[in-house]
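Raw coords-v7.cif, mmCIF, N, CA, C and O atoms:
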data_coords
#
loop_
_atom_site.label_atom_id
_atom_site.label_comp_id
_atom_site.auth_asym_id
_atom_site.auth_seq_id
_atom_site.Cartn_x
_atom_site.Cartn_y
_atom_site.Cartn_z
N MET A 233 17.45 65.97 142.19
CA MET A 233 17.49 66.44 140.82
C MET A 233 18.93 66.55 140.33
O MET A 233 19.22 66.24 139.19
N ARG A 234 19.81 67.03 141.21
CA ARG A 234 21.20 67.22 140.84
C ARG A 234 21.85 65.86 140.51
O ARG A 234 22.61 65.73 139.57
N ARG A 235 21.51 64.82 141.29
CA ARG A 235 22.05 63.49 141.04
C ARG A 235 21.60 62.98 139.67
O ARG A 235 22.34 62.34 138.95
N PHE A 236 20.35 63.25 139.35
CA PHE A 236 19.82 62.83 138.05
C PHE A 236 20.60 63.49 136.92
O PHE A 236 20.94 62.85 135.93
N LEU A 237 20.89 64.77 137.06
CA LEU A 237 21.63 65.48 136.01
C LEU A 237 23.06 64.95 135.87
O LEU A 237 23.63 64.98 134.78
N LEU A 238 23.63 64.45 136.94
CA LEU A 238 24.98 63.88 136.88
C LEU A 238 24.97 62.51 136.19
O LEU A 238 25.96 62.08 135.61
N LEU A 239 23.85 61.80 136.28
CA LEU A 239 23.75 60.47 135.67
C LEU A 239 23.50 60.53 134.16
O LEU A 239 23.82 59.59 133.45
N VAL A 240 22.93 61.60 133.68
CA VAL A 240 22.60 61.71 132.26
C VAL A 240 23.84 61.54 131.37
O VAL A 240 23.82 60.75 130.43
N PRO A 241 24.96 62.22 131.64
CA PRO A 241 26.14 62.02 130.79
C PRO A 241 26.69 60.58 130.85
O PRO A 241 27.14 60.04 129.85
N LEU A 242 26.60 59.96 132.02
CA LEU A 242 27.06 58.57 132.15
C LEU A 242 26.20 57.63 131.29
O LEU A 242 26.71 56.72 130.64
N CYS A 243 24.91 57.86 131.32
CA CYS A 243 24.01 57.02 130.51
C CYS A 243 24.27 57.23 129.03
O CYS A 243 24.23 56.28 128.23
N ALA A 244 24.54 58.45 128.64
CA ALA A 244 24.83 58.73 127.23
C ALA A 244 26.12 58.04 126.80
O ALA A 244 26.21 57.49 125.70
N LEU A 245 27.12 58.04 127.66
CA LEU A 245 28.38 57.36 127.33
C LEU A 245 28.20 55.85 127.29
O LEU A 245 28.78 55.16 126.46
N ALA A 246 27.39 55.33 128.17
CA ALA A 246 27.14 53.89 128.18
C ALA A 246 26.47 53.43 126.89
O ALA A 246 26.69 52.31 126.42
N ALA A 247 25.66 54.27 126.31
CA ALA A 247 24.99 53.92 125.05
C ALA A 247 25.97 53.84 123.90
O ALA A 247 25.69 53.21 122.88
N CYS A 248 27.13 54.46 124.04
CA CYS A 248 28.12 54.46 122.96
C CYS A 248 29.06 53.25 123.00
O CYS A 248 29.88 53.08 122.12
N VAL A 249 28.98 52.45 124.05
CA VAL A 249 29.84 51.29 124.19
C VAL A 249 29.47 50.25 123.13
O VAL A 249 28.30 49.93 122.94
N GLU A 250 30.47 49.76 122.43
CA GLU A 250 30.22 48.78 121.38
C GLU A 250 29.94 47.42 121.99
O GLU A 250 30.66 46.94 122.85
N ALA A 251 28.87 46.81 121.53
CA ALA A 251 28.49 45.49 122.05
C ALA A 251 29.41 44.42 121.50
O ALA A 251 29.89 44.51 120.37
N GLU A 252 29.64 43.38 122.30
CA GLU A 252 30.46 42.27 121.85
C GLU A 252 29.69 41.44 120.84
O GLU A 252 28.47 41.28 120.97
N PRO A 253 30.37 40.90 119.82
CA PRO A 253 29.64 40.06 118.87
C PRO A 253 29.13 38.80 119.56
O PRO A 253 29.74 38.32 120.52
N PRO A 254 28.00 38.27 119.11
CA PRO A 254 27.46 37.07 119.76
C PRO A 254 28.41 35.89 119.59
O PRO A 254 29.09 35.75 118.57
N ALA A 255 28.45 35.06 120.60
CA ALA A 255 29.30 33.87 120.56
C ALA A 255 28.75 32.90 119.52
O ALA A 255 27.54 32.79 119.32
N GLN A 256 29.65 32.18 118.87
CA GLN A 256 29.22 31.17 117.91
C GLN A 256 28.56 30.01 118.64
O GLN A 256 28.84 29.75 119.80
N ALA A 257 27.70 29.35 117.95
CA ALA A 257 27.05 28.18 118.53
C ALA A 257 28.13 27.14 118.85
O ALA A 257 29.13 27.04 118.15
N PRO A 258 27.96 26.37 119.89
CA PRO A 258 28.98 25.40 120.27
C PRO A 258 29.22 24.37 119.18
O PRO A 258 28.29 23.83 118.60
N GLY A 259 30.47 24.16 118.88
CA GLY A 259 30.85 23.10 117.94
C GLY A 259 30.62 23.42 116.48
O GLY A 259 30.54 22.52 115.66
N THR A 260 30.50 24.70 116.09
CA THR A 260 30.23 25.01 114.69
C THR A 260 31.41 24.63 113.80
O THR A 260 31.23 24.46 112.61
N GLU A 261 32.59 24.53 114.36
CA GLU A 261 33.75 24.18 113.56
C GLU A 261 33.99 22.66 113.50
O GLU A 261 34.84 22.20 112.77
N SER A 262 33.24 21.91 114.28
CA SER A 262 33.45 20.46 114.27
C SER A 262 32.76 19.84 113.06
O SER A 262 31.95 20.46 112.40
N ASP A 263 33.08 18.61 112.81
CA ASP A 263 32.50 17.89 111.67
C ASP A 263 31.59 16.79 112.20
O ASP A 263 31.72 15.64 111.85
N SER A 264 30.65 17.17 113.04
CA SER A 264 29.77 16.20 113.69
C SER A 264 28.77 15.56 112.74
O SER A 264 28.18 14.55 113.06
N CYS A 265 28.58 16.13 111.55
CA CYS A 265 27.63 15.56 110.59
C CYS A 265 28.35 14.92 109.40
O CYS A 265 27.71 14.55 108.43
N ASN A 266 29.66 14.81 109.50
CA ASN A 266 30.48 14.19 108.44
C ASN A 266 30.45 14.99 107.14
O ASN A 266 30.46 14.43 106.05
N ALA A 267 30.41 16.31 107.25
CA ALA A 267 30.39 17.18 106.07
C ALA A 267 31.69 17.12 105.28
O ALA A 267 31.69 17.34 104.07
N ALA A 268 32.78 16.79 105.93
CA ALA A 268 34.07 16.76 105.25
C ALA A 268 34.07 15.75 104.09
O ALA A 268 34.75 15.96 103.08
N SER A 269 33.30 14.71 104.21
CA SER A 269 33.27 13.71 103.14
C SER A 269 32.55 14.23 101.89
O SER A 269 32.66 13.64 100.82
N PHE A 270 31.85 15.35 102.00
CA PHE A 270 31.14 15.94 100.87
C PHE A 270 31.81 17.21 100.34
O PHE A 270 31.30 17.85 99.44
N ARG A 271 32.95 17.60 100.89
CA ARG A 271 33.62 18.85 100.50
C ARG A 271 33.95 18.90 99.01
O ARG A 271 34.00 19.97 98.44
N GLY A 272 34.15 17.77 98.39
CA GLY A 272 34.46 17.74 96.96
C GLY A 272 33.31 18.22 96.09
O GLY A 272 33.50 18.50 94.91
N LEU A 273 32.12 18.36 96.67
CA LEU A 273 30.96 18.84 95.92
C LEU A 273 30.90 20.36 95.81
O LEU A 273 30.12 20.89 95.02
N ILE A 274 31.69 21.06 96.58
CA ILE A 274 31.68 22.51 96.53
C ILE A 274 32.08 22.95 95.11
O ILE A 274 33.07 22.50 94.55
N GLY A 275 31.25 23.82 94.54
CA GLY A 275 31.47 24.29 93.18
C GLY A 275 30.67 23.52 92.13
O GLY A 275 30.56 23.94 90.99
N GLN A 276 30.10 22.39 92.53
CA GLN A 276 29.30 21.58 91.62
C GLN A 276 27.88 22.17 91.51
O GLN A 276 27.41 22.84 92.41
N PRO A 277 27.18 21.90 90.40
CA PRO A 277 25.80 22.39 90.29
C PRO A 277 24.88 21.74 91.32
O PRO A 277 25.12 20.61 91.76
N ARG A 278 23.84 22.44 91.70
CA ARG A 278 22.90 21.95 92.70
C ARG A 278 22.29 20.61 92.30
O ARG A 278 21.97 19.78 93.13
N GLY A 279 22.11 20.37 91.03
CA GLY A 279 21.49 19.15 90.53
C GLY A 279 22.18 17.87 90.95
O GLY A 279 21.53 16.82 90.99
N VAL A 280 23.46 17.91 91.28
CA VAL A 280 24.14 16.68 91.69
C VAL A 280 23.55 16.15 93.00
O VAL A 280 23.57 14.95 93.24
N LEU A 281 22.99 17.03 93.83
CA LEU A 281 22.41 16.60 95.10
C LEU A 281 21.12 15.82 94.87
O LEU A 281 20.77 14.96 95.68
N ASP A 282 20.43 16.09 93.77
CA ASP A 282 19.19 15.38 93.47
C ASP A 282 19.43 13.91 93.16
O ASP A 282 18.55 13.08 93.33
N ARG A 283 20.62 13.60 92.71
CA ARG A 283 20.96 12.22 92.35
C ARG A 283 21.65 11.47 93.47
O ARG A 283 22.06 10.33 93.29
N MET A 284 21.79 12.11 94.63
CA MET A 284 22.51 11.50 95.76
C MET A 284 21.54 11.13 96.87
O MET A 284 20.48 11.74 97.02
N THR A 285 21.93 10.14 97.66
CA THR A 285 21.20 9.81 98.88
C THR A 285 21.91 10.54 100.01
O THR A 285 23.05 10.21 100.35
N LEU A 286 21.25 11.53 100.57
CA LEU A 286 21.84 12.35 101.63
C LEU A 286 21.32 11.88 102.99
O LEU A 286 20.24 11.30 103.08
N PRO A 287 22.07 12.13 104.05
CA PRO A 287 21.62 11.75 105.39
C PRO A 287 20.27 12.37 105.72
O PRO A 287 19.95 13.47 105.26
N ALA A 288 19.49 11.69 106.53
CA ALA A 288 18.19 12.21 106.95
C ALA A 288 18.35 13.55 107.64
O ALA A 288 19.28 13.76 108.41
N GLY A 289 17.46 14.49 107.34
CA GLY A 289 17.50 15.81 107.96
C GLY A 289 18.38 16.81 107.25
O GLY A 289 18.46 17.96 107.67
N THR A 290 19.05 16.41 106.18
CA THR A 290 19.93 17.32 105.45
C THR A 290 19.11 18.44 104.83
O THR A 290 18.02 18.21 104.30
N ARG A 291 19.63 19.67 104.89
CA ARG A 291 18.96 20.81 104.28
C ARG A 291 19.77 21.29 103.08
O ARG A 291 20.99 21.40 103.15
N VAL A 292 19.06 21.58 102.00
CA VAL A 292 19.65 22.22 100.83
C VAL A 292 19.07 23.63 100.82
O VAL A 292 17.86 23.81 100.61
N ILE A 293 19.91 24.61 101.07
CA ILE A 293 19.46 25.98 101.29
C ILE A 293 19.81 26.85 100.08
O ILE A 293 20.97 27.03 99.75
N GLY A 294 18.79 27.36 99.44
CA GLY A 294 18.98 28.25 98.30
C GLY A 294 19.39 29.64 98.75
O GLY A 294 19.33 29.97 99.93
N PRO A 295 19.78 30.49 97.79
CA PRO A 295 20.31 31.82 98.14
C PRO A 295 19.33 32.71 98.90
O PRO A 295 19.74 33.54 99.69
N ARG A 296 18.05 32.58 98.68
CA ARG A 296 17.08 33.43 99.37
C ARG A 296 16.07 32.62 100.17
O ARG A 296 14.99 33.11 100.49
N ASP A 297 16.42 31.38 100.50
CA ASP A 297 15.52 30.53 101.27
C ASP A 297 15.51 30.94 102.74
O ASP A 297 16.54 31.27 103.31
N ALA A 298 14.34 30.89 103.32
CA ALA A 298 14.21 31.13 104.76
C ALA A 298 14.48 29.80 105.47
O ALA A 298 13.98 28.76 105.06
N VAL A 299 15.28 29.84 106.52
CA VAL A 299 15.59 28.63 107.28
C VAL A 299 15.47 28.94 108.77
O VAL A 299 15.61 30.09 109.19
N THR A 300 15.23 27.92 109.55
CA THR A 300 15.18 28.10 111.00
C THR A 300 16.59 28.33 111.53
O THR A 300 17.57 27.92 110.92
N MET A 301 16.68 28.99 112.66
CA MET A 301 17.99 29.31 113.24
C MET A 301 18.36 28.34 114.36
O MET A 301 19.31 28.57 115.09
N ASP A 302 17.62 27.25 114.51
CA ASP A 302 17.96 26.29 115.55
C ASP A 302 19.25 25.57 115.18
O ASP A 302 19.52 25.32 114.02
N PHE A 303 20.05 25.28 116.18
CA PHE A 303 21.35 24.65 115.94
C PHE A 303 21.25 23.16 116.23
O PHE A 303 20.83 22.75 117.30
N ARG A 304 21.64 22.37 115.24
CA ARG A 304 21.74 20.91 115.41
C ARG A 304 23.07 20.48 114.82
O ARG A 304 23.26 20.50 113.61
N ALA A 305 23.99 20.08 115.67
CA ALA A 305 25.33 19.73 115.22
C ALA A 305 25.33 18.53 114.27
O ALA A 305 26.23 18.39 113.45
N SER A 306 24.32 17.70 114.34
CA SER A 306 24.30 16.50 113.50
C SER A 306 23.62 16.73 112.15
O SER A 306 23.57 15.83 111.32
N ARG A 307 23.12 17.95 111.90
CA ARG A 307 22.41 18.24 110.65
C ARG A 307 23.36 18.82 109.61
O ARG A 307 24.04 19.80 109.84
N MET A 308 23.39 18.20 108.43
CA MET A 308 24.21 18.68 107.33
C MET A 308 23.43 19.71 106.52
O MET A 308 22.23 19.55 106.29
N ASN A 309 24.11 20.78 106.13
CA ASN A 309 23.50 21.86 105.37
C ASN A 309 24.33 22.14 104.13
O ASN A 309 25.54 22.34 104.22
N PHE A 310 23.68 22.14 102.99
CA PHE A 310 24.31 22.53 101.73
C PHE A 310 23.77 23.91 101.37
O PHE A 310 22.57 24.07 101.21
N GLU A 311 24.65 24.89 101.26
CA GLU A 311 24.24 26.23 100.87
C GLU A 311 24.52 26.42 99.39
O GLU A 311 25.63 26.18 98.93
N ILE A 312 23.49 26.85 98.66
CA ILE A 312 23.60 27.06 97.22
C ILE A 312 23.81 28.55 96.97
O ILE A 312 23.08 29.38 97.50
N GLY A 313 24.79 28.88 96.14
CA GLY A 313 25.08 30.27 95.82
C GLY A 313 24.15 30.82 94.75
O GLY A 313 23.33 30.10 94.17
N GLU A 314 24.29 32.11 94.48
CA GLU A 314 23.47 32.77 93.47
C GLU A 314 23.66 32.15 92.09
O GLU A 314 22.76 32.21 91.26
N ASP A 315 24.80 31.54 91.85
CA ASP A 315 25.08 30.93 90.54
C ASP A 315 24.52 29.52 90.40
O ASP A 315 24.70 28.87 89.38
N GLY A 316 23.82 29.03 91.43
CA GLY A 316 23.21 27.70 91.37
C GLY A 316 24.18 26.57 91.69
O GLY A 316 23.88 25.42 91.47
N ARG A 317 25.33 26.91 92.23
CA ARG A 317 26.32 25.91 92.59
C ARG A 317 26.45 25.81 94.10
O ARG A 317 26.13 26.74 94.83
N ILE A 318 26.93 24.67 94.57
CA ILE A 318 27.13 24.46 96.00
C ILE A 318 28.26 25.35 96.48
O ILE A 318 29.38 25.28 95.98
N ALA A 319 27.93 26.24 97.41
CA ALA A 319 28.91 27.21 97.90
C ALA A 319 29.51 26.83 99.24
O ALA A 319 30.66 27.15 99.51
N LYS A 320 28.74 26.13 100.08
CA LYS A 320 29.22 25.84 101.43
C LYS A 320 28.51 24.59 101.94
O LYS A 320 27.35 24.37 101.66
N ILE A 321 29.24 23.82 102.71
CA ILE A 321 28.68 22.63 103.37
C ILE A 321 29.07 22.71 104.84
O ILE A 321 30.25 22.94 105.16
N GLY A 322 28.11 22.56 105.72
CA GLY A 322 28.44 22.67 107.14
C GLY A 322 27.46 21.93 108.03
O GLY A 322 26.40 21.48 107.58
N CYS A 323 27.85 21.82 109.29
CA CYS A 323 27.03 21.14 110.29
C CYS A 323 26.45 22.21 111.22
O CYS A 323 27.16 22.78 112.03
N TYR A 324 25.17 22.48 111.08
CA TYR A 324 24.51 23.44 111.97
C TYR A 324 23.01 23.33 111.87
O TYR A 324 22.48 22.74 111.00
#
Written as structure tokens, how would this file's structure read?
Amino acid sequence: MRRFLLLVPLCALAACVEAEPPAQAPGTESDSCNAASFRGLIGQPRGVLDRMTLPAGTRVIGPRDAVTMDFRASRMNFEIGEDGRIAKIGCY
């Protein structure tokens, strides 16, 4: 019983340890989907994407759209901001 009482403060302190942030998915900073060639579209209205031929598998993600969290380095993603303009382009 005495050993158990000695462990209680240690367990309480262990619960206060700050967890490390999760590691980023591998290669999130790379341009494996050729997103750099589309960077000039940032700030443009979403409608410009409707007139373009985009690579297969490209996602256009609205401000409140649900998307899967699977990582694919070759998939291009266009994120649309609340103002209806292209806010971010990335490979994930």
Using all atoms listed in the file, can you tell me which of A:Cys265, A:Pro295, A:Met301, A:Thr285 comes closest to Glu314 of chain A?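 Of all the options, A:Pro295 lies closest to Glu314 of chain A.
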Evaluate the PyMOL selection byres (((chain A and resi 271 and name CA) around 10) and name CA) on the structure here and hand back the selected residues as a PyMOL selection string. chain A and resi 266-270+272-275+318-322
Residues matched by the PyMOL selection byres (((chain A and resi 307 and name CA) around 8) and name CA), written as a PyMOL selection string: chain A and resi 265+289-291+304-306+308-309+323-324
Keeping N, CA, C and O atoms, export the residues of the selection given above as a PDB file, keeping the file's coordinate frame.
ATOM      1  N   CYS A 265      28.580  16.130 111.550  1.00  0.00           N
ATOM      2  CA  CYS A 265      27.630  15.560 110.590  1.00  0.00           C
ATOM      3  C   CYS A 265      28.350  14.920 109.400  1.00  0.00           C
ATOM      4  O   CYS A 265      27.710  14.550 108.430  1.00  0.00           O
ATOM      5  N   GLY A 289      17.460  14.490 107.340  1.00  0.00           N
ATOM      6  CA  GLY A 289      17.500  15.810 107.960  1.00  0.00           C
ATOM      7  C   GLY A 289      18.380  16.810 107.250  1.00  0.00           C
ATOM      8  O   GLY A 289      18.460  17.960 107.670  1.00  0.00           O
ATOM      9  N   THR A 290      19.050  16.410 106.180  1.00  0.00           N
ATOM     10  CA  THR A 290      19.930  17.320 105.450  1.00  0.00           C
ATOM     11  C   THR A 290      19.110  18.440 104.830  1.00  0.00           C
ATOM     12  O   THR A 290      18.020  18.210 104.300  1.00  0.00           O
ATOM     13  N   ARG A 291      19.630  19.670 104.890  1.00  0.00           N
ATOM     14  CA  ARG A 291      18.960  20.810 104.280  1.00  0.00           C
ATOM     15  C   ARG A 291      19.770  21.290 103.080  1.00  0.00           C
ATOM     16  O   ARG A 291      20.990  21.400 103.150  1.00  0.00           O
ATOM     17  N   ARG A 304      21.640  22.370 115.240  1.00  0.00           N
ATOM     18  CA  ARG A 304      21.740  20.910 115.410  1.00  0.00           C
ATOM     19  C   ARG A 304      23.070  20.480 114.820  1.00  0.00           C
ATOM     20  O   ARG A 304      23.260  20.500 113.610  1.00  0.00           O
ATOM     21  N   ALA A 305      23.990  20.080 115.670  1.00  0.00           N
ATOM     22  CA  ALA A 305      25.330  19.730 115.220  1.00  0.00           C
ATOM     23  C   ALA A 305      25.330  18.530 114.270  1.00  0.00           C
ATOM     24  O   ALA A 305      26.230  18.390 113.450  1.00  0.00           O
ATOM     25  N   SER A 306      24.320  17.700 114.340  1.00  0.00           N
ATOM     26  CA  SER A 306      24.300  16.500 113.500  1.00  0.00           C
ATOM     27  C   SER A 306      23.620  16.730 112.150  1.00  0.00           C
ATOM     28  O   SER A 306      23.570  15.830 111.320  1.00  0.00           O
ATOM     29  N   MET A 308      23.390  18.200 108.430  1.00  0.00           N
ATOM     30  CA  MET A 308      24.210  18.680 107.330  1.00  0.00           C
ATOM     31  C   MET A 308      23.430  19.710 106.520  1.00  0.00           C
ATOM     32  O   MET A 308      22.230  19.550 106.290  1.00  0.00           O
ATOM     33  N   ASN A 309      24.110  20.780 106.130  1.00  0.00           N
ATOM     34  CA  ASN A 309      23.500  21.860 105.370  1.00  0.00           C
ATOM     35  C   ASN A 309      24.330  22.140 104.130  1.00  0.00           C
ATOM     36  O   ASN A 309      25.540  22.340 104.220  1.00  0.00           O
ATOM     37  N   CYS A 323      27.850  21.820 109.290  1.00  0.00           N
ATOM     38  CA  CYS A 323      27.030  21.140 110.290  1.00  0.00           C
ATOM     39  C   CYS A 323      26.450  22.210 111.220  1.00  0.00           C
ATOM     40  O   CYS A 323      27.160  22.780 112.030  1.00  0.00           O
ATOM     41  N   TYR A 324      25.170  22.480 111.080  1.00  0.00           N
ATOM     42  CA  TYR A 324      24.510  23.440 111.970  1.00  0.00           C
ATOM     43  C   TYR A 324      23.010  23.330 111.870  1.00  0.00           C
ATOM     44  O   TYR A 324      22.480  22.740 111.000  1.00  0.00           O
TER      45      TYR A 324
END
Residue neighbourhood Gly279 of chain A, 8 Å, all atoms listed in the file, exclusion window fewer than 2 positions, as a PyMOL selection string: chain A and resi 276-277+281-284+316-318
Please report the interatomic distance between atom O of Asp315 of chain A and atom O of Phe303 of chain A in Å with one decimal. 28.8 Å
One decimal, Å: what's the distance from atom CA of Glu311 of chain A over to atom CA of Ile293 of chain A, could you say?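 That distance, rounded to one decimal, is 4.8 Å.
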So the first atom is atom N of Ile312 of chain A and the second is atom O of Arg278 of chain A; what is the distance between them in Å, to one decimal place?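 Straight-line distance from atom N of Ile312 of chain A to atom O of Arg278 of chain A works out to 9.1 Å.
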Can you list, as a PyMOL selection string, every residue of segment 252-324 of chain A that DSSP puts in helix (DSSP H, G or I)? chain A and resi 267-273+279-282
Write the residues of the preceding selection, restricted to N, CA, C and O atoms, as a JSON list (two decimals), in the coordinates of the input.
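Result file result27.json:
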[["chain", "number", "residue", "atom", "x", "y", "z"],
["A", 267, "ALA", "N", 30.41, 16.31, 107.25],
["A", 267, "ALA", "CA", 30.39, 17.18, 106.07],
["A", 267, "ALA", "C", 31.69, 17.12, 105.28],
["A", 267, "ALA", "O", 31.69, 17.34, 104.07],
["A", 268, "ALA", "N", 32.78, 16.79, 105.93],
["A", 268, "ALA", "CA", 34.07, 16.76, 105.25],
["A", 268, "ALA", "C", 34.07, 15.75, 104.09],
["A", 268, "ALA", "O", 34.75, 15.96, 103.08],
["A", 269, "SER", "N", 33.30, 14.71, 104.21],
["A", 269, "SER", "CA", 33.27, 13.71, 103.14],
["A", 269, "SER", "C", 32.55, 14.23, 101.89],
["A", 269, "SER", "O", 32.66, 13.64, 100.82],
["A", 270, "PHE", "N", 31.85, 15.35, 102.00],
["A", 270, "PHE", "CA", 31.14, 15.94, 100.87],
["A", 270, "PHE", "C", 31.81, 17.21, 100.34],
["A", 270, "PHE", "O", 31.30, 17.85, 99.44],
["A", 271, "ARG", "N", 32.95, 17.60, 100.89],
["A", 271, "ARG", "CA", 33.62, 18.85, 100.50],
["A", 271, "ARG", "C", 33.95, 18.90, 99.01],
["A", 271, "ARG", "O", 34.00, 19.97, 98.44],
["A", 272, "GLY", "N", 34.15, 17.77, 98.39],
["A", 272, "GLY", "CA", 34.46, 17.74, 96.96],
["A", 272, "GLY", "C", 33.31, 18.22, 96.09],
["A", 272, "GLY", "O", 33.50, 18.50, 94.91],
["A", 273, "LEU", "N", 32.12, 18.36, 96.67],
["A", 273, "LEU", "CA", 30.96, 18.84, 95.92],
["A", 273, "LEU", "C", 30.90, 20.36, 95.81],
["A", 273, "LEU", "O", 30.12, 20.89, 95.02],
["A", 279, "GLY", "N", 22.11, 20.37, 91.03],
["A", 279, "GLY", "CA", 21.49, 19.15, 90.53],
["A", 279, "GLY", "C", 22.18, 17.87, 90.95],
["A", 279, "GLY", "O", 21.53, 16.82, 90.99],
["A", 280, "VAL", "N", 23.46, 17.91, 91.28],
["A", 280, "VAL", "CA", 24.14, 16.68, 91.69],
["A", 280, "VAL", "C", 23.55, 16.15, 93.00],
["A", 280, "VAL", "O", 23.57, 14.95, 93.24],
["A", 281, "LEU", "N", 22.99, 17.03, 93.83],
["A", 281, "LEU", "CA", 22.41, 16.60, 95.10],
["A", 281, "LEU", "C", 21.12, 15.82, 94.87],
["A", 281, "LEU", "O", 20.77, 14.96, 95.68],
["A", 282, "ASP", "N", 20.43, 16.09, 93.77],
["A", 282, "ASP", "CA", 19.19, 15.38, 93.47],
["A", 282, "ASP", "C", 19.43, 13.91, 93.16],
["A", 282, "ASP", "O", 18.55, 13.08, 93.33]]
Using all atoms listed in the file, which of A:Thr300, A:Val280, A:Ser262, A:Gly294 sits nearest Gly313 of chain A? A:Gly294
Atom completion result for segment 264-270 of chain A (all heavy atoms) as an mmCIF file, keeping the file's coordinate frame:
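For reference, part.cif as written:
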data_model
loop_
_atom_site.group_PDB
_atom_site.id
_atom_site.type_symbol
_atom_site.label_atom_id
_atom_site.label_comp_id
_atom_site.auth_asym_id
_atom_site.auth_seq_id
_atom_site.Cartn_x
_atom_site.Cartn_y
_atom_site.Cartn_z
ATOM 1 N N SER A 264 30.650 17.170 113.040
ATOM 2 C CA SER A 264 29.770 16.200 113.690
ATOM 3 C C SER A 264 28.770 15.560 112.740
ATOM 4 O O SER A 264 28.180 14.550 113.060
ATOM 5 C CB SER A 264 29.041 16.860 114.852
ATOM 6 O OG SER A 264 28.352 18.001 114.396
ATOM 7 N N CYS A 265 28.580 16.130 111.550
ATOM 8 C CA CYS A 265 27.630 15.560 110.590
ATOM 9 C C CYS A 265 28.350 14.920 109.400
ATOM 10 O O CYS A 265 27.710 14.550 108.430
ATOM 11 C CB CYS A 265 26.659 16.634 110.098
ATOM 12 S SG CYS A 265 27.439 17.917 109.106
ATOM 13 N N ASN A 266 29.660 14.810 109.500
ATOM 14 C CA ASN A 266 30.480 14.190 108.440
ATOM 15 C C ASN A 266 30.450 14.990 107.140
ATOM 16 O O ASN A 266 30.460 14.430 106.050
ATOM 17 C CB ASN A 266 30.044 12.742 108.210
ATOM 18 C CG ASN A 266 31.105 11.945 107.497
ATOM 19 O OD1 ASN A 266 32.285 12.273 107.545
ATOM 20 N ND2 ASN A 266 30.695 10.885 106.825
ATOM 21 N N ALA A 267 30.410 16.310 107.250
ATOM 22 C CA ALA A 267 30.390 17.180 106.070
ATOM 23 C C ALA A 267 31.690 17.120 105.280
ATOM 24 O O ALA A 267 31.690 17.340 104.070
ATOM 25 C CB ALA A 267 30.107 18.619 106.491
ATOM 26 N N ALA A 268 32.780 16.790 105.930
ATOM 27 C CA ALA A 268 34.070 16.760 105.250
ATOM 28 C C ALA A 268 34.070 15.750 104.090
ATOM 29 O O ALA A 268 34.750 15.960 103.080
ATOM 30 C CB ALA A 268 35.188 16.420 106.229
ATOM 31 N N SER A 269 33.300 14.710 104.210
ATOM 32 C CA SER A 269 33.270 13.710 103.140
ATOM 33 C C SER A 269 32.550 14.230 101.890
ATOM 34 O O SER A 269 32.660 13.640 100.820
ATOM 35 C CB SER A 269 32.605 12.425 103.632
ATOM 36 O OG SER A 269 31.270 12.672 104.004
ATOM 37 N N PHE A 270 31.850 15.350 102.000
ATOM 38 C CA PHE A 270 31.140 15.940 100.870
ATOM 39 C C PHE A 270 31.810 17.210 100.340
ATOM 40 O O PHE A 270 31.300 17.850 99.440
ATOM 41 C CB PHE A 270 29.695 16.269 101.269
ATOM 42 C CG PHE A 270 28.849 15.059 101.529
ATOM 43 C CD1 PHE A 270 28.757 14.534 102.813
ATOM 44 C CD2 PHE A 270 28.149 14.450 100.514
ATOM 45 C CE1 PHE A 270 27.976 13.420 103.071
ATOM 46 C CE2 PHE A 270 27.359 13.332 100.758
ATOM 47 C CZ PHE A 270 27.280 12.821 102.040
#
